[in-house]
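Participant: Quick one: the structure is below, and I'll ask about it shortly.
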Amino acid sequence: MELPTYKRSQLALRNGQDMDAIWVAYQGIIYDVGDSRLWKDGKHYEHWAGQDLTEELDQDAPHTAKVFERFESIGRLI
């Protein structure tokens with residue numbers, strides 16, 4: 001099954017503030033991180049939900065991309 005596509009403006013609304021959904025994108029895939037206690041209120045340390053975190057995580061994350069395996073991929077960022 002192909003994932004639905006979302007624009008950056010649609011992703012931005014899923015920040016835990018404007019809508020209940022808490023989504024982030026990484027390498028073109030959008031993940032639902034809303035069930036994670038680490039993303040409470042749409043913030044995880046200095047990272048904010050509702051945006052593409054690819055560049056930030058590739059530069060300074062203390063973990064690898066494998067962290068996203070625990071989250072449901074719900075779409076593709078276009």
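Starting from 1 in every chain, residues are counted up; chains themselves are A, B, ... following the order of the structure tokens, and ligands are numbered from 1 as listed.
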With DSSP run on the backbone, what are the helix (DSSP H, G or I) residues within chain A? I'd like them as a compact mmCIF listing (two decimals) with N, CA and C atoms, in the first residue's frame.
Facilitator:
# COMPACT_ATOMS: atom_id res chain seq x y z
N ARG A 8 4.38 20.35 3.31
CA ARG A 8 4.98 20.88 4.54
C ARG A 8 3.96 21.65 5.38
N SER A 9 3.07 22.37 4.72
CA SER A 9 2.06 23.14 5.45
C SER A 9 1.10 22.23 6.20
N GLN A 10 0.81 21.06 5.64
CA GLN A 10 -0.05 20.09 6.33
C GLN A 10 0.68 19.45 7.50
N LEU A 11 1.94 19.14 7.30
CA LEU A 11 2.77 18.59 8.38
C LEU A 11 2.86 19.59 9.53
N ALA A 12 3.03 20.86 9.21
CA ALA A 12 3.21 21.90 10.23
C ALA A 12 2.03 21.97 11.20
N LEU A 13 0.85 21.62 10.76
CA LEU A 13 -0.34 21.66 11.63
C LEU A 13 -0.36 20.52 12.64
N ARG A 37 6.05 9.31 25.00
CA ARG A 37 6.11 10.26 26.12
C ARG A 37 7.21 11.29 25.89
N LEU A 38 8.17 10.98 25.02
CA LEU A 38 9.27 11.90 24.74
C LEU A 38 8.85 13.06 23.83
N TRP A 39 7.67 12.94 23.21
CA TRP A 39 7.18 14.00 22.33
C TRP A 39 5.98 14.71 22.94
N LYS A 40 5.86 14.69 24.24
CA LYS A 40 4.74 15.33 24.91
C LYS A 40 4.63 16.80 24.49
N ASP A 41 3.43 17.21 24.14
CA ASP A 41 3.15 18.58 23.71
C ASP A 41 3.88 18.98 22.43
N GLY A 42 4.39 18.00 21.69
CA GLY A 42 5.01 18.31 20.40
C GLY A 42 6.44 18.77 20.46
N THR A 54 15.08 15.97 9.23
CA THR A 54 16.19 15.29 8.57
C THR A 54 17.52 16.00 8.83
N GLU A 55 17.59 17.26 8.52
CA GLU A 55 18.87 17.98 8.65
C GLU A 55 19.31 18.06 10.11
N GLU A 56 18.38 18.37 11.00
CA GLU A 56 18.72 18.48 12.42
C GLU A 56 19.27 17.16 12.97
N LEU A 57 18.58 16.06 12.67
CA LEU A 57 18.99 14.78 13.22
C LEU A 57 20.27 14.27 12.59
N ASP A 58 20.47 14.54 11.33
CA ASP A 58 21.70 14.11 10.67
C ASP A 58 22.91 14.85 11.23
N GLN A 59 22.69 16.03 11.80
CA GLN A 59 23.80 16.82 12.32
C GLN A 59 24.12 16.55 13.79
N ASP A 60 23.09 16.40 14.62
CA ASP A 60 23.41 16.36 16.05
C ASP A 60 22.62 15.38 16.92
N ALA A 65 18.95 6.70 12.84
CA ALA A 65 17.63 6.72 12.21
C ALA A 65 16.78 5.52 12.63
N LYS A 66 17.39 4.51 13.20
CA LYS A 66 16.64 3.33 13.65
C LYS A 66 15.57 3.69 14.68
N VAL A 67 15.71 4.84 15.32
CA VAL A 67 14.72 5.26 16.31
C VAL A 67 13.34 5.36 15.69
N PHE A 68 13.26 5.65 14.40
CA PHE A 68 11.97 5.80 13.74
C PHE A 68 11.27 4.47 13.48
N GLU A 69 11.97 3.36 13.63
CA GLU A 69 11.36 2.04 13.42
C GLU A 69 10.25 1.76 14.42
N ARG A 70 10.29 2.43 15.56
CA ARG A 70 9.25 2.19 16.57
C ARG A 70 7.98 2.99 16.33
Participant: Fewer than 5 positions away in the same chain doesn't count, so skip those; otherwise give me all residues within 6 Å of range 15-26 of chain A, counting only C-alpha atoms, as a ChimeraX atom specification.
Facilitator: /A:31-34,41-42,49-54
Participant: Could those selected residues go to a file with C-alpha atoms, as a tab-separated table (two decimals), in the first residue's frame?
Facilitator:
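That gives us part29.tsv:
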chain	number	residue	atom	x	y	z
A	31	TYR	CA	5.93	9.47	11.36
A	32	ASP	CA	3.26	9.67	14.04
A	33	VAL	CA	5.17	10.21	17.30
A	34	GLY	CA	2.10	11.13	19.34
A	41	ASP	CA	3.15	18.58	23.71
A	42	GLY	CA	5.01	18.31	20.40
A	49	ALA	CA	6.95	18.38	15.87
A	50	GLY	CA	5.27	19.43	12.66
A	51	GLN	CA	8.49	19.72	10.71
A	52	ASP	CA	11.10	17.84	8.72
A	53	LEU	CA	13.85	16.84	11.14
A	54	THR	CA	16.19	15.29	8.57
Participant: Pick out each residue of range 17-72 of chain A that DSSP on the backbone tags as strand (DSSP E); I need them as a list in words.
Facilitator: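 Strand (DSSP E) assignments inside range 17-72 of chain A correspond to Trp23, Val24, Ala25, Tyr26, Ile29, Ile30, Tyr31, Asp32, Lys43, His44, His47, Trp48 and Glu72 of chain A.
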Participant: Quote the spacing between CA of His44 in chain A and CA of Leu77 in chain A in Å to one decimal place.
Facilitator: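 One can read the CA of His44 in chain A to CA of Leu77 in chain A distance as 20.3 Å.
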Participant: From the list A:Met1, A:Lys7, A:Ile29, A:Arg14, which residue is nearest Glu72 in chain A when using only C-alpha atoms?
Facilitator: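 Under the stated criterion, the closest residue is A:Ile29.
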